[in-house]
file data38.cif (mmCIF, C-alpha atoms)
data_run
loop_
_atom_site.label_atom_id
_atom_site.label_comp_id
_atom_site.auth_asym_id
_atom_site.auth_seq_id
_atom_site.Cartn_x
_atom_site.Cartn_y
_atom_site.Cartn_z
CA MET A 21 25.94 -35.77 -27.72
CA ALA A 22 28.02 -36.89 -24.72
CA ALA A 23 26.84 -33.83 -22.86
CA GLN A 24 23.26 -34.72 -23.68
CA ARG A 25 23.69 -38.34 -22.57
CA GLY A 26 25.18 -37.09 -19.31
CA LEU A 27 21.99 -35.20 -18.46
CA PRO A 28 19.66 -36.88 -16.03
CA GLN A 29 16.40 -37.98 -17.48
CA SER A 30 14.39 -35.30 -15.70
CA LYS A 31 16.48 -32.44 -17.08
CA GLU A 32 16.50 -33.87 -20.58
CA SER A 33 12.76 -34.49 -20.58
CA LEU A 34 12.24 -31.01 -19.17
CA LEU A 35 14.16 -29.40 -22.02
CA GLN A 36 12.32 -31.56 -24.56
CA ASN A 37 9.09 -30.42 -22.99
CA TYR A 38 10.18 -26.81 -23.37
CA ASN A 39 10.91 -27.41 -27.06
CA LYS A 40 7.54 -29.04 -27.59
CA ARG A 41 5.70 -26.22 -25.87
CA LEU A 42 7.54 -23.65 -27.97
CA LYS A 43 6.70 -25.42 -31.22
CA ASP A 44 3.05 -25.96 -30.25
CA ASP A 45 2.48 -22.38 -29.18
CA ILE A 46 4.09 -20.86 -32.26
CA ARG A 47 2.11 -23.28 -34.44
CA SER A 48 -1.10 -22.37 -32.62
CA ILE A 49 -0.56 -18.64 -33.07
CA LEU A 50 0.20 -18.93 -36.78
CA ASP A 51 -2.60 -21.40 -37.57
CA ASN A 52 -5.29 -19.53 -35.69
CA PHE A 53 -4.24 -16.21 -37.17
CA THR A 54 -4.27 -17.68 -40.67
CA GLU A 55 -7.72 -19.12 -40.12
CA ILE A 56 -9.04 -15.78 -38.85
CA ILE A 57 -7.78 -14.09 -42.02
CA LYS A 58 -9.39 -16.82 -44.16
CA THR A 59 -12.68 -16.51 -42.29
CA ALA A 60 -12.68 -12.74 -42.84
CA LYS A 61 -13.02 -13.39 -46.57
CA ILE A 62 -16.50 -12.57 -47.79
CA GLU A 63 -18.14 -15.36 -49.73
CA ASP A 64 -21.17 -14.86 -51.92
CA GLU A 65 -22.43 -18.43 -51.80
CA THR A 66 -23.13 -19.95 -48.40
CA GLN A 67 -24.81 -23.17 -47.39
CA VAL A 68 -26.80 -21.49 -44.66
CA SER A 69 -28.30 -18.05 -44.46
CA ARG A 70 -26.02 -15.04 -44.27
CA ALA A 71 -27.03 -14.28 -40.70
CA THR A 72 -26.25 -17.81 -39.57
CA GLN A 73 -22.96 -17.81 -41.45
CA ALA A 74 -22.05 -14.46 -39.97
CA GLU A 75 -22.88 -15.71 -36.49
CA GLN A 76 -20.81 -18.83 -37.03
CA ASP A 77 -17.87 -16.82 -38.37
CA HIS A 78 -18.12 -14.44 -35.44
CA TYR A 79 -18.01 -17.29 -32.94
CA GLU A 80 -15.15 -19.00 -34.77
CA MET A 81 -13.10 -15.80 -34.83
CA HIS A 82 -13.79 -15.31 -31.16
CA VAL A 83 -12.52 -18.78 -30.33
CA ARG A 84 -9.46 -18.47 -32.55
CA ALA A 85 -8.58 -15.10 -31.08
CA ALA A 86 -8.85 -16.65 -27.61
CA ASN A 87 -6.57 -19.46 -28.80
CA ILE A 88 -4.00 -16.93 -29.99
CA VAL A 89 -4.10 -15.17 -26.63
CA ARG A 90 -3.82 -18.47 -24.76
CA ALA A 91 -0.82 -19.44 -26.88
CA GLY A 92 0.76 -16.06 -26.16
CA GLU A 93 0.30 -16.50 -22.43
CA SER A 94 1.71 -20.00 -22.65
CA LEU A 95 4.78 -18.58 -24.36
CA MET A 96 5.17 -16.06 -21.53
CA LYS A 97 4.99 -18.91 -19.02
CA LEU A 98 7.62 -20.76 -21.05
CA VAL A 99 9.91 -17.72 -20.95
CA SER A 100 9.44 -17.53 -17.18
CA ASP A 101 10.34 -21.22 -16.82
CA LEU A 102 13.40 -20.75 -19.01
CA LYS A 103 14.54 -17.81 -16.87
CA GLN A 104 14.23 -19.95 -13.76
CA PHE A 105 16.04 -22.86 -15.38
CA LEU A 106 18.78 -20.51 -16.57
CA ILE A 107 19.34 -19.04 -13.12
CA LEU A 108 19.57 -22.48 -11.52
CA ASN A 109 21.46 -24.46 -14.13
CA ASP A 110 23.59 -22.08 -16.17
CA PHE A 111 26.82 -22.92 -14.36
CA PRO A 112 29.20 -20.75 -16.41
CA SER A 113 27.25 -17.61 -15.60
CA VAL A 114 26.73 -18.65 -11.97
CA ASN A 115 30.49 -19.20 -11.62
CA ASP A 116 31.17 -15.81 -13.17
CA ALA A 117 28.69 -14.12 -10.86
CA ILE A 118 30.20 -15.82 -7.79
CA SER A 119 33.79 -14.94 -8.74
CA LEU A 120 32.82 -11.33 -9.47
CA GLN A 121 31.06 -11.03 -6.12
CA ASN A 122 34.03 -12.60 -4.31
CA GLN A 123 36.39 -10.19 -6.03
CA GLN A 124 34.30 -7.18 -5.04
CA LEU A 125 34.00 -8.35 -1.43
CA ARG A 126 37.74 -9.03 -1.16
CA SER A 127 38.67 -5.65 -2.61
CA LEU A 128 36.34 -3.97 -0.12
CA GLN A 129 37.91 -5.94 2.71
CA ASP A 130 41.44 -5.06 1.55
CA GLU A 131 40.56 -1.39 1.30
CA CYS A 132 39.04 -1.45 4.77
CA ASP A 133 42.07 -3.16 6.29
CA LYS A 134 44.47 -0.85 4.47
CA LYS A 135 42.73 2.22 5.90
CA LEU A 136 42.68 0.69 9.38
CA THR A 137 46.40 -0.03 9.14
CA SER A 138 47.22 3.52 8.10
CA LEU A 139 45.00 4.81 10.90
CA ARG A 140 46.84 2.58 13.36
CA ASP A 141 50.20 3.92 12.18
CA GLU A 142 49.06 7.54 12.55
CA ILE A 143 47.63 6.93 15.99
CA ALA A 144 50.82 5.14 17.08
CA ILE A 145 52.82 8.26 16.18
CA ASP A 146 50.48 10.48 18.19
CA LEU A 147 50.44 8.01 21.05
CA TYR A 148 54.22 8.10 21.16
CA GLU A 149 54.20 11.86 21.63
CA LEU A 150 51.36 11.79 24.11
CA GLU A 151 53.05 9.15 26.24
CA GLU A 152 56.25 11.11 26.20
CA GLU A 153 54.40 14.14 27.41
CA TYR A 154 52.40 12.23 30.00
CA TYR A 155 55.20 10.23 31.56
CA SER A 156 57.38 13.28 31.85
CA SER A 157 54.69 15.14 33.74
CA SER A 158 53.73 15.06 37.39
CA TYR A 159 50.58 13.10 36.74
CA SER A 160 52.16 9.84 35.71
CA GLN A 161 52.37 6.92 38.11
CA TRP A 162 54.03 4.46 35.93
CA ASP A 163 55.41 1.17 36.95
CA SER A 164 58.95 0.52 35.83
CA THR A 165 58.01 -2.89 34.54
CA ASP A 166 55.42 -1.37 32.27
CA LEU A 167 57.45 0.68 29.85
CA PRO A 168 55.66 3.42 27.94
CA LEU A 169 55.96 3.37 24.20
CA CYS A 170 58.30 6.33 23.97
CA GLU A 171 60.67 4.89 26.56
CA ALA A 172 60.70 1.54 24.82
CA TYR A 173 61.59 3.21 21.53
CA ARG A 174 64.30 5.32 23.19
CA ARG A 175 65.90 2.29 24.82
CA ARG A 176 65.77 0.40 21.59
CA ASP A 177 67.52 3.27 19.86
CA SER A 178 70.16 3.54 22.61
CA TRP A 179 70.87 -0.20 22.50
CA ALA A 180 71.18 0.01 18.77
CA SER A 181 73.72 2.88 18.99
CA PRO A 182 75.45 2.83 22.40
CA GLY A 183 77.76 5.72 21.50
CA SER A 184 74.92 8.21 21.23
CA SER A 185 73.65 10.12 24.20
CA CYS A 186 70.89 8.53 26.17
CA SER A 187 68.37 11.29 25.74
CA SER A 188 68.23 14.93 24.98
CA THR A 189 66.13 15.56 28.07
CA GLN A 190 68.28 14.04 30.77
CA GLY A 191 66.87 16.15 33.48
CA ASP A 192 63.34 15.06 32.79
CA ARG A 193 63.78 11.35 33.12
CA GLU A 194 64.06 9.49 36.37
CA ASP A 195 66.84 7.25 35.26
CA ALA A 196 68.61 6.25 32.15
CA GLU A 197 69.36 2.71 33.32
CA GLY A 198 67.44 -0.53 33.32
CA PRO A 199 64.31 -1.33 35.25
CA PRO A 200 65.96 -3.02 38.29
CA SER A 201 67.51 0.26 39.45
CA GLN A 202 64.16 1.86 39.07
CA GLU A 203 62.53 -0.64 41.37
CA ALA A 204 65.26 -0.12 43.96
CA ASN A 205 64.70 3.65 43.98
CA PRO A 206 61.08 4.52 43.58
CA GLN A 207 61.34 8.30 43.51
CA HIS A 208 58.52 10.65 43.21
CA HIS A 209 58.58 13.47 40.76
CA LEU A 210 59.24 16.94 42.08
CA ASN A 211 57.78 20.08 40.59
CA GLY A 212 56.27 18.09 37.79
CA HIS A 213 59.63 16.94 36.47
CA GLY A 214 61.98 14.08 37.10
CA THR A 215 64.80 14.51 39.58
CA SER A 216 67.77 16.23 38.12
CA SER A 217 70.27 13.97 39.87
CA ILE A 218 70.44 10.65 38.16
CA GLU A 219 71.93 7.88 40.21
CA LYS A 220 74.92 6.32 38.59
CA PRO A 221 77.11 3.60 39.91
CA MET B 93 26.88 -13.14 -19.08
CA ALA B 94 23.91 -14.24 -17.07
CA ASN B 95 22.42 -10.78 -17.20
CA GLU B 96 22.68 -10.74 -20.98
CA ARG B 97 20.73 -13.97 -21.32
CA LEU B 98 18.08 -12.85 -18.87
CA ARG B 99 17.87 -9.52 -20.67
CA ALA B 100 17.45 -11.38 -23.96
CA LEU B 101 14.55 -13.34 -22.45
CA GLU B 102 12.94 -10.11 -21.30
CA ASP B 103 13.22 -8.81 -24.86
CA VAL B 104 11.51 -12.02 -26.01
CA GLU B 105 8.62 -11.23 -23.69
CA LYS B 106 8.31 -7.80 -25.28
CA GLU B 107 8.37 -9.45 -28.72
CA ILE B 108 5.50 -11.76 -27.72
CA ALA B 109 3.50 -8.70 -26.70
CA THR B 110 4.36 -7.15 -30.08
CA VAL B 111 3.06 -10.29 -31.82
CA MET B 112 -0.27 -9.99 -30.02
CA GLN B 113 -0.43 -6.27 -30.74
CA CYS B 114 0.22 -6.73 -34.45
CA ALA B 115 -2.35 -9.55 -34.74
CA GLY B 116 -4.93 -7.34 -33.05
CA ASN B 117 -4.16 -4.35 -35.29
CA ILE B 118 -4.47 -6.48 -38.43
CA VAL B 119 -7.86 -7.89 -37.38
CA LEU B 120 -9.00 -4.39 -36.41
CA GLU B 121 -7.97 -2.99 -39.78
CA LEU B 122 -9.73 -5.85 -41.61
CA SER B 123 -12.94 -5.13 -39.71
CA LYS B 124 -13.14 -1.65 -41.28
CA ASP B 125 -14.99 -0.95 -44.50
CA LYS B 126 -11.98 0.58 -46.17
CA HIS B 127 -8.65 -1.05 -45.42
CA ASN B 128 -5.34 0.71 -45.33
CA ALA B 129 -3.24 -1.65 -47.41
CA SER B 130 0.13 -0.19 -46.45
CA LEU B 131 -0.71 -0.41 -42.77
CA LEU B 132 -1.80 -4.01 -43.22
CA ASP B 133 1.44 -4.86 -45.01
CA ARG B 134 3.58 -3.21 -42.37
CA GLN B 135 1.74 -4.89 -39.51
CA LEU B 136 1.91 -8.27 -41.24
CA ILE B 137 5.66 -7.98 -41.86
CA GLN B 138 6.21 -6.97 -38.26
CA PHE B 139 4.03 -9.85 -37.06
CA GLN B 140 5.97 -12.42 -39.05
CA ALA B 141 9.34 -10.96 -38.05
CA SER B 142 8.39 -10.96 -34.36
CA VAL B 143 7.13 -14.54 -34.47
CA ASN B 144 10.35 -15.68 -36.16
CA ARG B 145 12.49 -13.78 -33.67
CA VAL B 146 10.63 -15.29 -30.72
CA GLU B 147 10.99 -18.80 -32.09
CA ASN B 148 14.68 -18.43 -32.95
CA GLU B 149 15.63 -16.81 -29.67
CA LEU B 150 13.81 -19.37 -27.52
CA SER B 151 15.20 -22.25 -29.56
CA GLY B 152 18.69 -20.85 -29.08
CA GLN B 153 18.22 -20.55 -25.33
CA ILE B 154 16.91 -24.12 -25.06
CA ARG B 155 19.84 -25.38 -27.16
CA TYR B 156 22.33 -23.57 -24.91
CA LEU B 157 20.68 -24.98 -21.79
CA THR B 158 20.85 -28.47 -23.28
CA GLN B 159 24.61 -28.03 -23.61
CA VAL B 160 25.42 -26.53 -20.21
CA ALA B 161 22.87 -28.09 -17.85
CA THR B 162 24.33 -30.90 -15.76
CA GLY B 163 21.47 -31.79 -13.51
CA GLN B 164 23.62 -31.31 -10.43
CA PRO B 165 23.05 -28.53 -7.94
CA HIS B 166 25.58 -25.73 -7.91
CA GLU B 167 27.57 -25.72 -4.68
CA GLY B 168 29.44 -22.46 -5.10
CA SER B 169 29.04 -19.79 -2.50
CA THR B 170 30.27 -16.32 -1.60
CA TYR B 171 29.86 -16.98 2.11
CA SER B 172 33.55 -16.92 3.10
CA ALA B 173 34.36 -13.68 1.25
CA ARG B 174 31.19 -12.10 2.59
CA LYS B 175 32.05 -13.14 6.13
CA ASP B 176 35.58 -11.78 5.85
CA CYS B 177 34.27 -8.51 4.49
CA GLN B 178 31.70 -8.33 7.28
CA MET B 179 34.45 -8.85 9.87
CA ALA B 180 36.53 -6.08 8.26
CA LEU B 181 33.57 -3.73 8.43
CA ASN B 182 33.03 -4.72 12.06
CA ARG B 183 36.69 -3.90 12.79
CA ALA B 184 36.29 -0.50 11.19
CA GLU B 185 33.09 0.14 13.11
CA TYR B 186 34.77 -0.86 16.38
CA ALA B 187 37.71 1.44 15.69
CA LYS B 188 35.25 4.23 14.94
CA VAL B 189 33.43 3.64 18.24
CA LYS B 190 36.67 3.65 20.21
CA LEU B 191 37.91 6.81 18.53
CA GLY B 192 34.57 8.43 19.27
CA GLU B 193 34.93 7.56 22.95
CA LEU B 194 38.47 8.91 22.96
CA GLY B 195 37.32 12.13 21.36
CA ARG B 196 34.54 12.58 23.89
CA THR B 197 36.96 11.91 26.76
CA CYS B 198 39.34 14.56 25.41
CA GLU B 199 36.51 17.07 25.08
CA VAL B 200 35.41 16.45 28.66
CA MET B 201 38.95 16.93 29.91
CA LEU B 202 39.36 20.16 27.96
CA GLU B 203 36.09 21.53 29.30
CA GLN B 204 37.12 20.71 32.85
CA GLN B 205 40.44 22.44 32.27
CA GLN B 206 38.73 25.54 30.91
CA GLN B 207 36.34 25.63 33.86
CA GLN B 208 39.25 25.38 36.29
CA GLN B 209 41.04 28.22 34.54
CA THR B 210 37.96 30.45 34.66
#

call {"tool": "encode", "arguments": {"input": "data38.cif", "output": "structure tokens"}}
result
Amino acid sequence: MAAQRGLPQSKESLLQNYNKRLKDDIRSILDNFTEIIKTAKIEDETQVSRATQAEQDHYEMHVRAANIVRAGESLMKLVSDLKQFLILNDFPSVNDAISLQNQQLRSLQDECDKKLTSLRDEIAIDLYELEEEYYSSSYSQWDSTDLPLCEAYRRRDSWASPGSSCSSTQGDREDAEGPPSQEANPQHHLNGHGTSSIEKP
Amino acid sequence: MANERLRALEDVEKEIATVMQCAGNIVLELSKDKHNASLLDRQLIQFQASVNRVENELSGQIRYLTQVATGQPHEGSTYSARKDCQMALNRAEYAKVKLGELGRTCEVMLEQQQQQQT
């Protein structure tokens, strides 16, 4: 009852109208059908001639059949209105539909981002190797302040474990020291490789 | 849940059509000289059952709507999730475009190298 009192007048009157239409249409179908069946009964005694009575019965049946069809169409219209009302005002189902849609969209987004992240990791590995190859070749013109990825990783590893050797390819690198010494001695690569003599203090 | 109720209403529409069909078959059978009594009985039972089903189902739906309808507009939306998903798809598409460019660049370089070797 509290839920019904909470409804605005328009919604309540609308639902009462739906109830009334339902009752009227069902009543119309049943009454008209019953009357058609009654009219189909053959009577021996009639007040008017048989032809007139037959004509009257025919017309009455025609009208009642049309009433049944009209009531049926009115019921279809009522069903359509109920569908519309349900879509707009059935909050539990609307909430369920929204949460389901949100869940599907979020899972799609997570899947997409997960695949992009794995792709990024794979490409970073390949990029590491490519940079190592490129910066050890004669084609590179790298600035010491702009460390390539492989060099940055190598330096990080060497700082982490100072006892280990700087690199396995000492002859291929220009220097094994910090960037300032690099700026002081900008040496060009010879024969496609780094200079074999590494300047040490 | 919403789909079930809408599906139930579509079944009601089919029931209404069945009601009309049964009424027409009964009147058609009565118009004949010799009636098939069993057919008439079957059609009449089906007619009454369909009418009762239609009435009960629609009454139930109206009762349910009386309980859940608030009169307020629903303000829920899937916009934010949809936007986030759209942005993720855009990121994937962008990555695809960039990888395509990288692949084409590599192919061009390889072709140039092969031409130089030949």

call {"tool": "interface_residues", "arguments": {"input": "data38.cif", "of": "chain A", "to": "chain B", "cutoff": "8 Å", "atoms": "all atoms listed in the file", "output": "VMD selection string"}}
result
chain A and resid 23 to 24 26 to 28 31 to 32 35 38 to 39 42 to 43 46 53 57 60 88 to 89 92 95 to 96 99 102 to 103 106 to 118 121 to 122 125 to 126 128 to 129 132 to 133 136

call {"tool": "atom_distance", "arguments": {"input": "data38.cif", "atom1": "atom CA of Arg41 of chain A", "atom2": "atom CA of Lys97 of chain A"}}
result
10.0 Å

call {"tool": "atom_distance", "arguments": {"input": "data38.cif", "atom1": "atom CA of Gln205 of chain B", "atom2": "atom CA of Tyr155 of chain A"}}
result
19.2 Å

call {"tool": "closest_residue", "arguments": {"input": "data38.cif", "among": "B:Leu120, B:Asp125, B:Arg145, B:Gln206", "to": "Ile56 of chain A", "atoms": "all atoms listed in the file"}}
result
B:Leu120

call {"tool": "atom_distance", "arguments": {"input": "data38.cif", "atom1": "atom CA of Asn52 of chain A", "atom2": "atom CA of Ser33 of chain A"}}
result
27.9 Å

call {"tool": "resolve_selection", "arguments": {"input": "data38.cif", "expression": "the PyMOL selection byres ((chain A and resi 59) around 10)", "output": "PyMOL selection string"}}
result
chain A and resi 53-58+60-63+74+76-78+80-81

call {"tool": "write_last_selection", "arguments": {"input": "data38.cif", "atoms": "C-alpha atoms", "output": "short mmCIF file (atom, residue, chain, number, x, y, z; two decimals), in the frame of the given file"}}
result
data_model
loop_
_atom_site.label_atom_id
_atom_site.label_comp_id
_atom_site.auth_asym_id
_atom_site.auth_seq_id
_atom_site.Cartn_x
_atom_site.Cartn_y
_atom_site.Cartn_z
CA PHE A 53 -4.24 -16.21 -37.17
CA THR A 54 -4.27 -17.68 -40.67
CA GLU A 55 -7.72 -19.12 -40.12
CA ILE A 56 -9.04 -15.78 -38.85
CA ILE A 57 -7.78 -14.09 -42.02
CA LYS A 58 -9.39 -16.82 -44.16
CA ALA A 60 -12.68 -12.74 -42.84
CA LYS A 61 -13.02 -13.39 -46.57
CA ILE A 62 -16.50 -12.57 -47.79
CA GLU A 63 -18.14 -15.36 -49.73
CA ALA A 74 -22.05 -14.46 -39.97
CA GLN A 76 -20.81 -18.83 -37.03
CA ASP A 77 -17.87 -16.82 -38.37
CA HIS A 78 -18.12 -14.44 -35.44
CA GLU A 80 -15.15 -19.00 -34.77
CA MET A 81 -13.10 -15.80 -34.83
#

call {"tool": "closest_residue", "arguments": {"input": "data38.cif", "among": "A:Leu150, A:Ala144, A:Leu34, A:Ile49", "to": "Ala91 of chain A", "atoms": "all atoms listed in the file"}}
result
A:Ile49

call {"tool": "axis_aligned_box", "arguments": {"input": "data38.cif", "around": "segment 95-109 of chain B", "padding_each_side": "8 Å", "output": "lines of an AutoDock Vina configuration file"}}
result
center_x = 13.1
center_y = -10.9
center_z = -23.0
size_x = 35.2
size_y = 22.2
size_z = 27.5
